[in-house]
$ cat protein_37.pdb   # PDB, C-alpha atoms
ATOM      1  CA  MET Q 300      15.684 -29.117 -95.179
ATOM      2  CA  LYS Q 301      12.527 -30.145 -93.332
ATOM      3  CA  ARG Q 302       9.354 -28.059 -93.529
ATOM      4  CA  LEU Q 303       6.430 -28.140 -91.136
ATOM      5  CA  THR Q 304       3.245 -26.565 -92.548
ATOM      6  CA  ILE Q 305       0.494 -25.443 -90.153
ATOM      7  CA  ILE Q 306      -2.839 -24.224 -91.523
ATOM      8  CA  PHE Q 307      -5.018 -21.871 -89.453
ATOM      9  CA  GLY Q 308      -8.185 -21.172 -91.473
ATOM     10  CA  LEU Q 309      -6.942 -19.412 -94.584
ATOM     11  CA  ILE Q 310      -3.489 -18.646 -93.143
ATOM     12  CA  THR Q 311      -0.612 -21.035 -93.871
ATOM     13  CA  ILE Q 312       2.555 -20.891 -91.796
ATOM     14  CA  SER Q 313       5.630 -22.724 -93.075
ATOM     15  CA  ILE Q 314       8.450 -23.403 -90.606
ATOM     16  CA  THR Q 315      11.782 -24.503 -92.073
ATOM     17  CA  TYR Q 316      14.326 -26.629 -90.220
ATOM     18  CA  ALA Q 317      17.928 -26.667 -91.471
ATOM     19  CA  GLN Q 318      19.498 -30.069 -92.008
ATOM     20  CA  THR Q 319      23.126 -31.150 -91.937
ATOM     21  CA  VAL Q 320      25.196 -34.074 -93.115
ATOM     22  CA  SER Q 321      27.982 -34.908 -90.661
ATOM     23  CA  PHE Q 322      30.742 -37.485 -90.733
ATOM     24  CA  MET Q 323      34.129 -38.369 -89.245
ATOM     25  CA  ALA Q 324      37.175 -39.147 -91.398
ATOM     26  CA  ILE Q 325      40.118 -41.233 -90.245
ATOM     27  CA  GLY Q 326      43.106 -42.799 -91.958
ATOM     28  CA  ASP Q 327      46.025 -45.099 -91.138
ATOM     29  CA  TRP Q 328      44.275 -46.753 -88.242
ATOM     30  CA  GLY Q 329      44.058 -50.568 -88.084
ATOM     31  CA  ARG Q 330      46.683 -51.654 -85.518
ATOM     32  CA  GLU Q 331      44.758 -53.961 -83.141
ATOM     33  CA  GLY Q 332      44.060 -51.056 -80.793
ATOM     34  CA  LYS Q 333      47.734 -50.139 -80.383
ATOM     35  CA  TYR Q 334      49.575 -46.825 -80.854
ATOM     36  CA  GLY Q 335      46.601 -44.745 -79.757
ATOM     37  CA  GLN Q 336      44.060 -46.473 -81.987
ATOM     38  CA  GLN Q 337      41.827 -47.579 -79.094
ATOM     39  CA  GLU Q 338      41.958 -44.170 -77.422
ATOM     40  CA  THR Q 339      41.055 -42.499 -80.713
ATOM     41  CA  ALA Q 340      38.237 -44.995 -81.281
ATOM     42  CA  ASN Q 341      36.872 -44.298 -77.809
ATOM     43  CA  GLN Q 342      36.814 -40.566 -78.481
ATOM     44  CA  MET Q 343      35.135 -41.139 -81.840
ATOM     45  CA  GLY Q 344      32.429 -43.061 -80.006
ATOM     46  CA  LEU Q 345      31.915 -40.221 -77.531
ATOM     47  CA  PHE Q 346      31.917 -37.613 -80.279
ATOM     48  CA  ALA Q 347      29.367 -39.548 -82.341
ATOM     49  CA  GLU Q 348      27.216 -40.015 -79.245
ATOM     50  CA  ASN Q 349      27.115 -36.278 -78.563
ATOM     51  CA  ASN Q 350      26.864 -35.145 -82.184
ATOM     52  CA  LYS Q 351      24.639 -36.363 -84.989
ATOM     53  CA  ILE Q 352      27.122 -38.324 -87.110
ATOM     54  CA  ASN Q 353      25.701 -39.932 -90.258
ATOM     55  CA  PHE Q 354      28.685 -42.032 -91.303
ATOM     56  CA  ILE Q 355      32.441 -42.565 -91.069
ATOM     57  CA  LEU Q 356      34.867 -42.225 -93.965
ATOM     58  CA  THR Q 357      38.103 -44.213 -93.882
ATOM     59  CA  LEU Q 358      41.090 -42.788 -95.721
ATOM     60  CA  GLY Q 359      43.100 -45.920 -96.370
ATOM     61  CA  ASP Q 360      45.629 -48.167 -94.648
ATOM     62  CA  ASN Q 361      42.671 -49.686 -92.880
ATOM     63  CA  ILE Q 362      44.513 -52.749 -91.586
ATOM     64  CA  TYR Q 363      48.249 -52.998 -90.876
ATOM     65  CA  GLU Q 364      50.788 -54.141 -91.797
ATOM     66  CA  ASP Q 365      49.602 -56.076 -94.811
ATOM     67  CA  GLY Q 366      45.827 -55.840 -95.004
ATOM     68  CA  VAL Q 367      43.755 -59.014 -94.627
ATOM     69  CA  THR Q 368      44.023 -62.430 -96.222
ATOM     70  CA  SER Q 369      40.289 -63.118 -96.457
ATOM     71  CA  THR Q 370      36.870 -62.060 -95.144
ATOM     72  CA  THR Q 371      37.432 -64.337 -92.137
ATOM     73  CA  ASP Q 372      40.867 -63.008 -91.253
ATOM     74  CA  PRO Q 373      41.091 -62.491 -87.431
ATOM     75  CA  LYS Q 374      42.275 -58.927 -88.059
ATOM     76  CA  TRP Q 375      38.697 -57.936 -88.887
ATOM     77  CA  GLN Q 376      37.913 -58.450 -85.211
ATOM     78  CA  THR Q 377      41.154 -57.207 -83.651
ATOM     79  CA  CYS Q 378      41.611 -54.146 -85.897
ATOM     80  CA  PHE Q 379      38.022 -53.110 -86.595
ATOM     81  CA  GLU Q 380      35.040 -54.783 -84.957
ATOM     82  CA  ASN Q 381      36.428 -55.014 -81.401
ATOM     83  CA  VAL Q 382      38.039 -51.569 -81.464
ATOM     84  CA  TYR Q 383      35.198 -49.463 -82.865
ATOM     85  CA  SER Q 384      32.596 -51.197 -80.742
ATOM     86  CA  ALA Q 385      30.715 -48.176 -79.385
ATOM     87  CA  LYS Q 386      27.017 -48.178 -80.191
ATOM     88  CA  SER Q 387      27.334 -44.750 -81.818
ATOM     89  CA  LEU Q 388      29.874 -46.151 -84.308
ATOM     90  CA  GLN Q 389      27.528 -48.820 -85.643
ATOM     91  CA  ILE Q 390      26.836 -46.633 -88.655
ATOM     92  CA  PRO Q 391      28.012 -46.861 -92.287
ATOM     93  CA  TRP Q 392      31.793 -46.890 -92.810
ATOM     94  CA  TYR Q 393      32.629 -45.825 -96.372
ATOM     95  CA  VAL Q 394      36.039 -47.257 -97.204
ATOM     96  CA  THR Q 395      39.039 -45.864 -99.068
ATOM     97  CA  LEU Q 396      41.890 -48.247 -99.905
ATOM     98  CA  GLY Q 397      45.524 -47.523 -99.026
ATOM     99  CA  ASN Q 398      48.865 -49.015-100.007
ATOM    100  CA  HIS Q 399      49.015 -51.293 -96.941
ATOM    101  CA  ASP Q 400      45.602 -52.685 -97.843
ATOM    102  CA  TYR Q 401      47.056 -53.715-101.194
ATOM    103  CA  TYR Q 402      49.790 -55.678 -99.469
ATOM    104  CA  GLY Q 403      47.058 -58.157 -98.554
ATOM    105  CA  ASN Q 404      43.869 -59.253-100.287
ATOM    106  CA  VAL Q 405      42.098 -56.142-101.576
ATOM    107  CA  GLN Q 406      39.152 -58.157-102.865
ATOM    108  CA  ALA Q 407      38.553 -59.385 -99.311
ATOM    109  CA  GLN Q 408      38.057 -55.790 -98.179
ATOM    110  CA  ILE Q 409      35.539 -55.316-100.966
ATOM    111  CA  ASP Q 410      33.791 -58.619-100.196
ATOM    112  CA  TYR Q 411      33.584 -57.812 -96.482
ATOM    113  CA  SER Q 412      30.839 -55.381 -97.496
ATOM    114  CA  ASN Q 413      28.623 -58.440 -97.998
ATOM    115  CA  ILE Q 414      29.285 -59.633 -94.450
ATOM    116  CA  SER Q 415      29.392 -56.495 -92.348
ATOM    117  CA  THR Q 416      26.335 -54.288 -91.875
ATOM    118  CA  ARG Q 417      28.493 -51.156 -91.679
ATOM    119  CA  TRP Q 418      31.552 -51.771 -93.925
ATOM    120  CA  LYS Q 419      30.853 -50.159 -97.333
ATOM    121  CA  CYS Q 420      33.446 -50.873-100.029
ATOM    122  CA  PRO Q 421      31.616 -51.789-103.248
ATOM    123  CA  ALA Q 422      34.724 -51.370-105.422
ATOM    124  CA  SER Q 423      38.235 -49.948-105.350
ATOM    125  CA  TYR Q 424      36.757 -46.613-106.457
ATOM    126  CA  TYR Q 425      33.119 -45.520-106.314
ATOM    127  CA  THR Q 426      30.697 -42.690-105.483
ATOM    128  CA  PHE Q 427      27.817 -42.036-103.131
ATOM    129  CA  GLU Q 428      25.572 -39.067-102.387
ATOM    130  CA  LYS Q 429      24.039 -37.550 -99.259
ATOM    131  CA  ILE Q 430      21.060 -35.171 -99.196
ATOM    132  CA  ILE Q 431      21.251 -31.998 -97.109
ATOM    133  CA  ASP Q 432      17.877 -30.456 -97.989
ATOM    134  CA  ASP Q 433      15.339 -30.192-100.792
ATOM    135  CA  THR Q 434      17.788 -28.392-103.090
ATOM    136  CA  THR Q 435      21.221 -29.425-101.843
ATOM    137  CA  PHE Q 436      23.149 -32.668-101.908
ATOM    138  CA  VAL Q 437      26.771 -33.763-101.561
ATOM    139  CA  LEU Q 438      28.712 -35.941-103.988
ATOM    140  CA  PHE Q 439      31.446 -38.114-102.473
ATOM    141  CA  VAL Q 440      33.986 -39.563-104.898
ATOM    142  CA  ILE Q 441      36.226 -42.268-103.429
ATOM    143  CA  ILE Q 442      39.324 -42.823-105.547
ATOM    144  CA  ASP Q 443      42.066 -45.475-105.478
ATOM    145  CA  THR Q 444      45.353 -43.595-105.406
ATOM    146  CA  TYR Q 445      47.912 -46.384-105.030
ATOM    147  CA  PRO Q 446      47.585 -47.553-108.675
ATOM    148  CA  LEU Q 447      48.189 -43.939-109.725
ATOM    149  CA  GLU Q 448      51.607 -43.889-108.043
ATOM    150  CA  VAL Q 449      54.526 -44.628-110.323
ATOM    151  CA  ASN Q 450      56.323 -46.676-107.630
ATOM    152  CA  TYR Q 451      53.955 -49.629-107.999
ATOM    153  CA  LYS Q 452      55.271 -50.257-111.509
ATOM    154  CA  TYR Q 453      58.608 -51.356-110.070
ATOM    155  CA  ILE Q 454      57.156 -54.034-107.800
ATOM    156  CA  ASN Q 455      58.157 -57.520-108.882
ATOM    157  CA  PRO Q 456      55.135 -59.869-108.749
ATOM    158  CA  SER Q 457      57.434 -62.775-107.896
ATOM    159  CA  THR Q 458      58.688 -61.037-104.755
ATOM    160  CA  GLU Q 459      57.783 -62.824-101.550
ATOM    161  CA  GLY Q 460      56.345 -60.849 -98.666
ATOM    162  CA  MET Q 461      53.775 -58.119 -98.290
ATOM    163  CA  TYR Q 462      54.368 -56.456-101.679
ATOM    164  CA  ARG Q 463      53.434 -59.553-103.662
ATOM    165  CA  GLY Q 464      49.664 -59.065-103.418
ATOM    166  CA  ALA Q 465      50.011 -55.405-104.286
ATOM    167  CA  ALA Q 466      51.931 -56.221-107.437
ATOM    168  CA  PHE Q 467      49.335 -58.654-108.737
ATOM    169  CA  ASP Q 468      46.303 -56.502-107.885
ATOM    170  CA  ILE Q 469      47.638 -53.173-109.099
ATOM    171  CA  LYS Q 470      49.062 -54.381-112.401
ATOM    172  CA  LYS Q 471      45.547 -55.444-113.426
ATOM    173  CA  GLN Q 472      44.351 -51.850-113.281
ATOM    174  CA  GLU Q 473      44.348 -49.190-115.942
ATOM    175  CA  THR Q 474      45.275 -45.736-114.655
ATOM    176  CA  LYS Q 475      43.680 -43.955-117.612
ATOM    177  CA  ARG Q 476      40.372 -45.720-116.991
ATOM    178  CA  GLN Q 477      40.140 -44.440-113.422
ATOM    179  CA  LEU Q 478      41.135 -40.902-114.398
ATOM    180  CA  LYS Q 479      38.499 -40.895-117.138
ATOM    181  CA  TRP Q 480      35.945 -42.133-114.599
ATOM    182  CA  ILE Q 481      36.840 -39.377-112.106
ATOM    183  CA  ASP Q 482      36.423 -36.756-114.822
ATOM    184  CA  SER Q 483      33.106 -38.253-115.889
ATOM    185  CA  VAL Q 484      31.433 -38.431-112.471
ATOM    186  CA  LEU Q 485      32.511 -34.896-111.585
ATOM    187  CA  SER Q 486      31.530 -33.410-114.932
ATOM    188  CA  THR Q 487      28.002 -34.830-114.836
ATOM    189  CA  SER Q 488      27.251 -34.063-111.195
ATOM    190  CA  THR Q 489      24.924 -31.241-110.200
ATOM    191  CA  ALA Q 490      25.870 -31.490-106.522
ATOM    192  CA  LYS Q 491      26.427 -28.220-104.672
ATOM    193  CA  TRP Q 492      29.260 -29.751-102.642
ATOM    194  CA  LYS Q 493      31.834 -32.128-104.128
ATOM    195  CA  ILE Q 494      34.202 -34.056-101.873
ATOM    196  CA  VAL Q 495      36.911 -36.423-103.130
ATOM    197  CA  ALA Q 496      38.736 -38.884-100.869
ATOM    198  CA  GLY Q 497      41.897 -40.859-101.587
ATOM    199  CA  HIS Q 498      44.730 -42.285 -99.545
ATOM    200  CA  HIS Q 499      47.713 -40.322-100.831
ATOM    201  CA  PRO Q 500      47.912 -36.554-100.230
ATOM    202  CA  ILE Q 501      48.116 -33.983-102.970
ATOM    203  CA  HIS Q 502      50.405 -31.658-101.026
ATOM    204  CA  SER Q 503      51.871 -32.451 -97.614
ATOM    205  CA  GLY Q 504      54.377 -31.135 -95.128
ATOM    206  CA  GLY Q 505      54.628 -34.583 -93.564
ATOM    207  CA  GLU Q 506      57.168 -37.358 -94.001
ATOM    208  CA  HIS Q 507      55.892 -38.563 -97.384
ATOM    209  CA  GLY Q 508      55.499 -35.046 -98.758
ATOM    210  CA  ASN Q 509      53.759 -34.190-102.007
ATOM    211  CA  THR Q 510      52.464 -36.950-104.284
ATOM    212  CA  THR Q 511      53.679 -35.970-107.742
ATOM    213  CA  GLU Q 512      51.251 -38.220-109.628
ATOM    214  CA  ILE Q 513      48.227 -36.856-107.736
ATOM    215  CA  ILE Q 514      49.353 -33.281-108.399
ATOM    216  CA  GLU Q 515      49.838 -33.950-112.110
ATOM    217  CA  LEU Q 516      46.962 -36.340-112.841
ATOM    218  CA  VAL Q 517      44.198 -35.719-110.295
ATOM    219  CA  LEU Q 518      44.437 -32.129-109.039
ATOM    220  CA  PRO Q 519      43.735 -30.572-112.472
ATOM    221  CA  ILE Q 520      40.481 -32.576-112.662
ATOM    222  CA  LEU Q 521      39.461 -31.529-109.141
ATOM    223  CA  GLU Q 522      40.123 -27.872-109.911
ATOM    224  CA  LYS Q 523      38.414 -28.104-113.293
ATOM    225  CA  TYR Q 524      35.131 -29.114-111.628
ATOM    226  CA  LYS Q 525      35.649 -26.955-108.508
ATOM    227  CA  VAL Q 526      35.806 -29.778-105.987
ATOM    228  CA  ASN Q 527      35.504 -28.325-102.475
ATOM    229  CA  MET Q 528      37.485 -30.817-100.378
ATOM    230  CA  TYR Q 529      40.116 -33.497-100.857
ATOM    231  CA  LEU Q 530      40.494 -35.833 -97.877
ATOM    232  CA  CYS Q 531      43.404 -38.254 -97.441
ATOM    233  CA  GLY Q 532      45.791 -39.987 -95.063
ATOM    234  CA  HIS Q 533      49.164 -41.686 -95.743
ATOM    235  CA  ASP Q 534      51.082 -39.139 -93.682
ATOM    236  CA  HIS Q 535      50.395 -40.077 -90.052
ATOM    237  CA  ASP Q 536      49.378 -36.658 -88.822
ATOM    238  CA  MET Q 537      46.768 -33.917 -89.228
ATOM    239  CA  GLN Q 538      47.107 -31.216 -91.860
ATOM    240  CA  TYR Q 539      45.026 -28.552 -93.577
ATOM    241  CA  LEU Q 540      46.459 -27.091 -96.783
ATOM    242  CA  LYS Q 541      45.134 -24.692 -99.386
ATOM    243  CA  LYS Q 542      46.827 -23.692-102.620
ATOM    244  CA  PRO Q 543      46.075 -20.009-103.444
ATOM    245  CA  GLY Q 544      43.523 -19.707-106.239
ATOM    246  CA  SER Q 545      42.435 -23.348-105.973
ATOM    247  CA  SER Q 546      38.915 -24.413-105.007
ATOM    248  CA  VAL Q 547      40.263 -27.531-103.285
ATOM    249  CA  HIS Q 548      40.664 -27.490 -99.504
ATOM    250  CA  GLN Q 549      43.083 -30.311 -98.635
ATOM    251  CA  PHE Q 550      42.786 -32.233 -95.358
ATOM    252  CA  VAL Q 551      45.184 -34.960 -94.204
ATOM    253  CA  SER Q 552      43.652 -37.089 -91.445
ATOM    254  CA  GLY Q 553      46.118 -39.938 -90.960
ATOM    255  CA  ALA Q 554      46.381 -39.884 -87.169
ATOM    256  CA  GLY Q 555      44.248 -42.947 -86.453
ATOM    257  CA  SER Q 556      47.047 -44.906 -84.788
ATOM    258  CA  ARG Q 557      50.847 -44.776 -85.105
ATOM    259  CA  LEU Q 558      52.067 -41.203 -85.522
ATOM    260  CA  ARG Q 559      54.962 -39.584 -87.352
ATOM    261  CA  ASN Q 560      56.442 -36.117 -86.979
ATOM    262  CA  THR Q 561      54.974 -33.598 -89.355
ATOM    263  CA  GLY Q 562      56.062 -30.277 -90.808
ATOM    264  CA  LYS Q 563      54.964 -27.441 -93.055
ATOM    265  CA  MET Q 564      55.218 -26.495 -96.710
ATOM    266  CA  GLU Q 565      54.166 -23.435 -98.668
ATOM    267  CA  TYR Q 566      50.439 -24.288 -98.647
ATOM    268  CA  THR Q 567      50.208 -25.337 -94.990
ATOM    269  CA  ILE Q 568      47.549 -23.678 -92.831
ATOM    270  CA  PHE Q 569      47.541 -26.209 -89.981
ATOM    271  CA  SER Q 570      49.892 -29.080 -89.184
ATOM    272  CA  HIS Q 571      49.982 -31.228 -86.045
ATOM    273  CA  SER Q 572      50.991 -34.721 -84.953
ATOM    274  CA  GLU Q 573      48.560 -36.135 -82.377
ATOM    275  CA  ASN Q 574      46.116 -39.022 -82.426
ATOM    276  CA  GLY Q 575      42.671 -37.972 -83.546
ATOM    277  CA  PHE Q 576      40.247 -37.586 -86.438
ATOM    278  CA  LEU Q 577      38.551 -35.060 -88.703
ATOM    279  CA  ALA Q 578      34.917 -34.132 -88.070
ATOM    280  CA  VAL Q 579      33.019 -32.551 -90.971
ATOM    281  CA  SER Q 580      29.534 -31.016 -90.981
ATOM    282  CA  LEU Q 581      27.877 -29.821 -94.194
ATOM    283  CA  LYS Q 582      24.977 -27.392 -94.421
ATOM    284  CA  ASN Q 583      23.377 -25.709 -97.399
ATOM    285  CA  ASN Q 584      25.826 -22.803 -97.440
ATOM    286  CA  GLU Q 585      28.874 -23.891 -95.431
ATOM    287  CA  ILE Q 586      31.176 -26.727 -94.381
ATOM    288  CA  THR Q 587      32.646 -26.913 -90.903
ATOM    289  CA  ALA Q 588      35.785 -29.042 -90.544
ATOM    290  CA  SER Q 589      37.415 -29.718 -87.163
ATOM    291  CA  PHE Q 590      40.396 -31.793 -86.087
ATOM    292  CA  ILE Q 591      39.540 -33.542 -82.803
ATOM    293  CA  SER Q 592      42.223 -35.168 -80.647
ATOM    294  CA  ALA Q 593      41.938 -38.553 -78.930
ATOM    295  CA  ALA Q 594      41.610 -36.572 -75.689
ATOM    296  CA  GLY Q 595      38.545 -34.747 -77.024
ATOM    297  CA  THR Q 596      40.233 -31.395 -77.671
ATOM    298  CA  THR Q 597      39.344 -29.383 -80.776
ATOM    299  CA  LEU Q 598      42.802 -28.749 -82.233
ATOM    300  CA  TYR Q 599      41.717 -26.739 -85.262
ATOM    301  CA  ASN Q 600      38.457 -25.578 -86.779
ATOM    302  CA  THR Q 601      37.648 -23.905 -90.091
ATOM    303  CA  ILE Q 602      34.524 -22.952 -92.019
ATOM    304  CA  ILE Q 603      34.319 -23.201 -95.800
ATOM    305  CA  LYS Q 604      31.639 -21.038 -97.373
TER     306      LYS Q 604
END
$ encode --input "protein_37.pdb" --output "structure tokens"
Amino acid sequence: MKRLTIIFGLITISITYAQTVSFMAIGDWGREGKYGQQETANQMGLFAENNKINFILTLGDNIYEDGVTSTTDPKWQTCFENVYSAKSLQIPWYVTLGNHDYYGNVQAQIDYSNISTRWKCPASYYTFEKIIDDTTFVLFVIIDTYPLEVNYKYINPSTEGMYRGAAFDIKKQETKRQLKWIDSVLSTSTAKWKIVAGHHPIHSGGEHGNTTEIIELVLPILEKYKVNMYLCGHDHDMQYLKKPGSSVHQFVSGAGSRLRNTGKMEYTIFSHSENGFLAVSLKNNEITASFISAAGTTLYNTIIK
């Protein structure tokens, strides 16, 4: 919150200006401009040009089909740099990793942070904060959900093809360590708003459906510390879900490129399959979340107090 103080003799007038933190969230997107990716990127550029957007949050599966091989892989240009080329999109991109990113060289996505001025992926899971005003800030917790899935345990490291890299990278990780870290950063935070992002959904009416491991291992931690939003992709659609009695508003924004049909489940509030992204604006006392289509239409809007 910005304050302008004007002094007239002995009279002081203080004018307060409200501040916001705004970002766009998109998942399942890196397909060399195909399957609606370029159209969605163009609309993101227009939206960011007409609205004050501070950063972009990716929700995993950043580059298809099997991630990148190195920091010089041509896919960096064809899937990212050349597609999201609008001037308004030359802002920080905070990165979440997805299962398809693990099929390639995950470390290359982390190391690309040292090359790109906008790609921010310091580790497979990490945090950052954004200030809204003098008394309010937002904690963002980026988690790595693929190692939490039980399916990775059955990948054979000797298998040729795209799963080989995933097997080697994931088997190095300790699930309990990440869960302990998530609990720690949330328990010690004094942020008014807490937002967690991962690739796999908690609940979903889409093709992949619920993620059992996230429900059992992560959701209890999020509810324990009253996290406000969980953002994800994996299902290639747009969804807003809310479990009764839970503090966690769940948003699936996986419509960055190739789409799949979606559906509904018991916690579904909104479900739609169309290329687009999620736009989020945070103020001191409310969050506005809107699904925007590649054509520029606001498909759904909600306000969280």
$ closest_residue --input "protein_37.pdb" --among "Q:Thr435, Q:Gln376, Q:Asn361, Q:Asn413" --to "Q:His399" --atoms "all atoms listed in the file"
Q:Asn361
$ closest_residue --input "protein_37.pdb" --among "Q:Ser384, Q:His535, Q:Val320, Q:Thr567" --to "Q:Ile431" --atoms "all atoms listed in the file"
Q:Val320
$ closest_residue --input "protein_37.pdb" --among "Q:Thr426, Q:Asn560, Q:Thr370, Q:Thr489" --to "Q:Lys525" --atoms "only C-alpha atoms"
Q:Thr489
$ closest_residue --input "protein_37.pdb" --among "Q:Thr434, Q:Ser423, Q:Ser580, Q:Asn509" --to "Q:Phe354" --atoms "all atoms listed in the file"
Q:Ser580
$ closest_residue --input "protein_37.pdb" --among "Q:Phe569, Q:Trp492, Q:Glu348, Q:Gln538" --to "Q:Ile603" --atoms "all atoms listed in the file"
Q:Trp492
$ residues_around --input "protein_37.pdb" --residues "Q:Trp375" --least-positions-apart "6" --cutoff "9 Å" --atoms "all atoms listed in the file" --output "MDAnalysis selection string"
chainID Q and resid 362 367 381
$ residues_around --input "protein_37.pdb" --residues "Q:Lys582" --least-positions-apart "3" --cutoff "9 Å" --atoms "all atoms listed in the file" --output "ChimeraX atom specification"
/Q:317-321,431-432,435,585-587
$ residues_around --input "protein_37.pdb" --residues "Q:His548" --least-positions-apart "6" --cutoff "9 Å" --atoms "only C-alpha atoms" --output "short mmCIF file (atom, residue, chain, number, x, y, z; two decimals) with C-alpha atoms, in the frame of the given file"
data_model
loop_
_atom_site.label_atom_id
_atom_site.label_comp_id
_atom_site.auth_asym_id
_atom_site.auth_seq_id
_atom_site.Cartn_x
_atom_site.Cartn_y
_atom_site.Cartn_z
CA VAL Q 526 35.81 -29.78 -105.99
CA ASN Q 527 35.50 -28.32 -102.48
CA MET Q 528 37.48 -30.82 -100.38
CA TYR Q 529 40.12 -33.50 -100.86
CA LEU Q 530 40.49 -35.83 -97.88
CA TYR Q 539 45.03 -28.55 -93.58
CA LEU Q 540 46.46 -27.09 -96.78
CA LYS Q 541 45.13 -24.69 -99.39
CA LYS Q 542 46.83 -23.69 -102.62
CA ILE Q 603 34.32 -23.20 -95.80
#
$ resolve_selection --input "protein_37.pdb" --expression "the PyMOL selection byres ((chain Q and resi 347) around 12)" --output "ChimeraX atom specification"
/Q:321-324,340-346,348-355,383,385-390,576,578-579,591,595
$ atom_distance --input "protein_37.pdb" --atom1 "atom CA of Q:Trp418" --atom2 "atom CA of Q:Ile325"
14.1 Å
$ atom_distance --input "protein_37.pdb" --atom1 "atom CA of Q:Thr444" --atom2 "atom CA of Q:Val394"
12.9 Å
$ resolve_selection --input "protein_37.pdb" --expression "the PyMOL selection byres ((chain Q and resi 561) around 8)" --output "MDAnalysis selection string"
chainID Q and resid 504:506 535:536 559:560 562:563 570:572
$ atom_distance --input "protein_37.pdb" --atom1 "atom CA of Q:Ala496" --atom2 "atom CA of Q:Val551"
10.1 Å
$ residues_around --input "protein_37.pdb" --residues "Q:Glu331" --least-positions-apart "4" --cutoff "8 Å" --atoms "all atoms listed in the file" --output "ChimeraX atom specification"
/Q:336,374,377-379,382
$ decode --input "protein_37.pdb" --residues "stretch 569-581 of chain Q" --atoms "N, CA and C atoms" --output "mmCIF file, in the first residue's frame"
data_model
loop_
_atom_site.group_PDB
_atom_site.id
_atom_site.type_symbol
_atom_site.label_atom_id
_atom_site.label_comp_id
_atom_site.auth_asym_id
_atom_site.auth_seq_id
_atom_site.Cartn_x
_atom_site.Cartn_y
_atom_site.Cartn_z
ATOM 1 N N PHE Q 569 -16.531 -25.243 -11.351
ATOM 2 C CA PHE Q 569 -16.421 -24.858 -12.759
ATOM 3 C C PHE Q 569 -15.522 -25.862 -13.462
ATOM 4 N N SER Q 570 -15.908 -26.242 -14.676
ATOM 5 C CA SER Q 570 -15.113 -27.178 -15.462
ATOM 6 C C SER Q 570 -15.329 -26.872 -16.937
ATOM 7 N N HIS Q 571 -14.222 -26.732 -17.684
ATOM 8 C CA HIS Q 571 -14.346 -26.342 -19.093
ATOM 9 C C HIS Q 571 -13.082 -26.734 -19.843
ATOM 10 N N SER Q 572 -13.228 -27.132 -21.094
ATOM 11 C CA SER Q 572 -12.086 -27.498 -21.917
ATOM 12 C C SER Q 572 -11.962 -26.521 -23.084
ATOM 13 N N GLU Q 573 -11.059 -25.573 -22.945
ATOM 14 C CA GLU Q 573 -10.799 -24.552 -23.969
ATOM 15 C C GLU Q 573 -9.430 -23.953 -23.682
ATOM 16 N N ASN Q 574 -8.678 -23.661 -24.720
ATOM 17 C CA ASN Q 574 -7.361 -23.068 -24.506
ATOM 18 C C ASN Q 574 -7.477 -21.755 -23.757
ATOM 19 N N GLY Q 575 -6.557 -21.559 -22.804
ATOM 20 C CA GLY Q 575 -6.575 -20.330 -22.035
ATOM 21 C C GLY Q 575 -5.683 -20.426 -20.808
ATOM 22 N N PHE Q 576 -5.876 -19.503 -19.880
ATOM 23 C CA PHE Q 576 -5.014 -19.405 -18.704
ATOM 24 C C PHE Q 576 -5.800 -18.862 -17.522
ATOM 25 N N LEU Q 577 -5.189 -18.905 -16.360
ATOM 26 C CA LEU Q 577 -5.786 -18.375 -15.135
ATOM 27 C C LEU Q 577 -5.123 -17.055 -14.793
ATOM 28 N N ALA Q 578 -5.922 -16.026 -14.546
ATOM 29 C CA ALA Q 578 -5.408 -14.728 -14.123
ATOM 30 C C ALA Q 578 -5.815 -14.511 -12.671
ATOM 31 N N VAL Q 579 -4.834 -14.162 -11.833
ATOM 32 C CA VAL Q 579 -5.075 -14.006 -10.396
ATOM 33 C C VAL Q 579 -4.592 -12.636 -9.945
ATOM 34 N N SER Q 580 -5.421 -11.945 -9.167
ATOM 35 C CA SER Q 580 -5.061 -10.640 -8.616
ATOM 36 C C SER Q 580 -5.311 -10.658 -7.116
ATOM 37 N N LEU Q 581 -4.286 -10.321 -6.340
ATOM 38 C CA LEU Q 581 -4.384 -10.349 -4.880
ATOM 39 C C LEU Q 581 -4.332 -8.941 -4.306
#
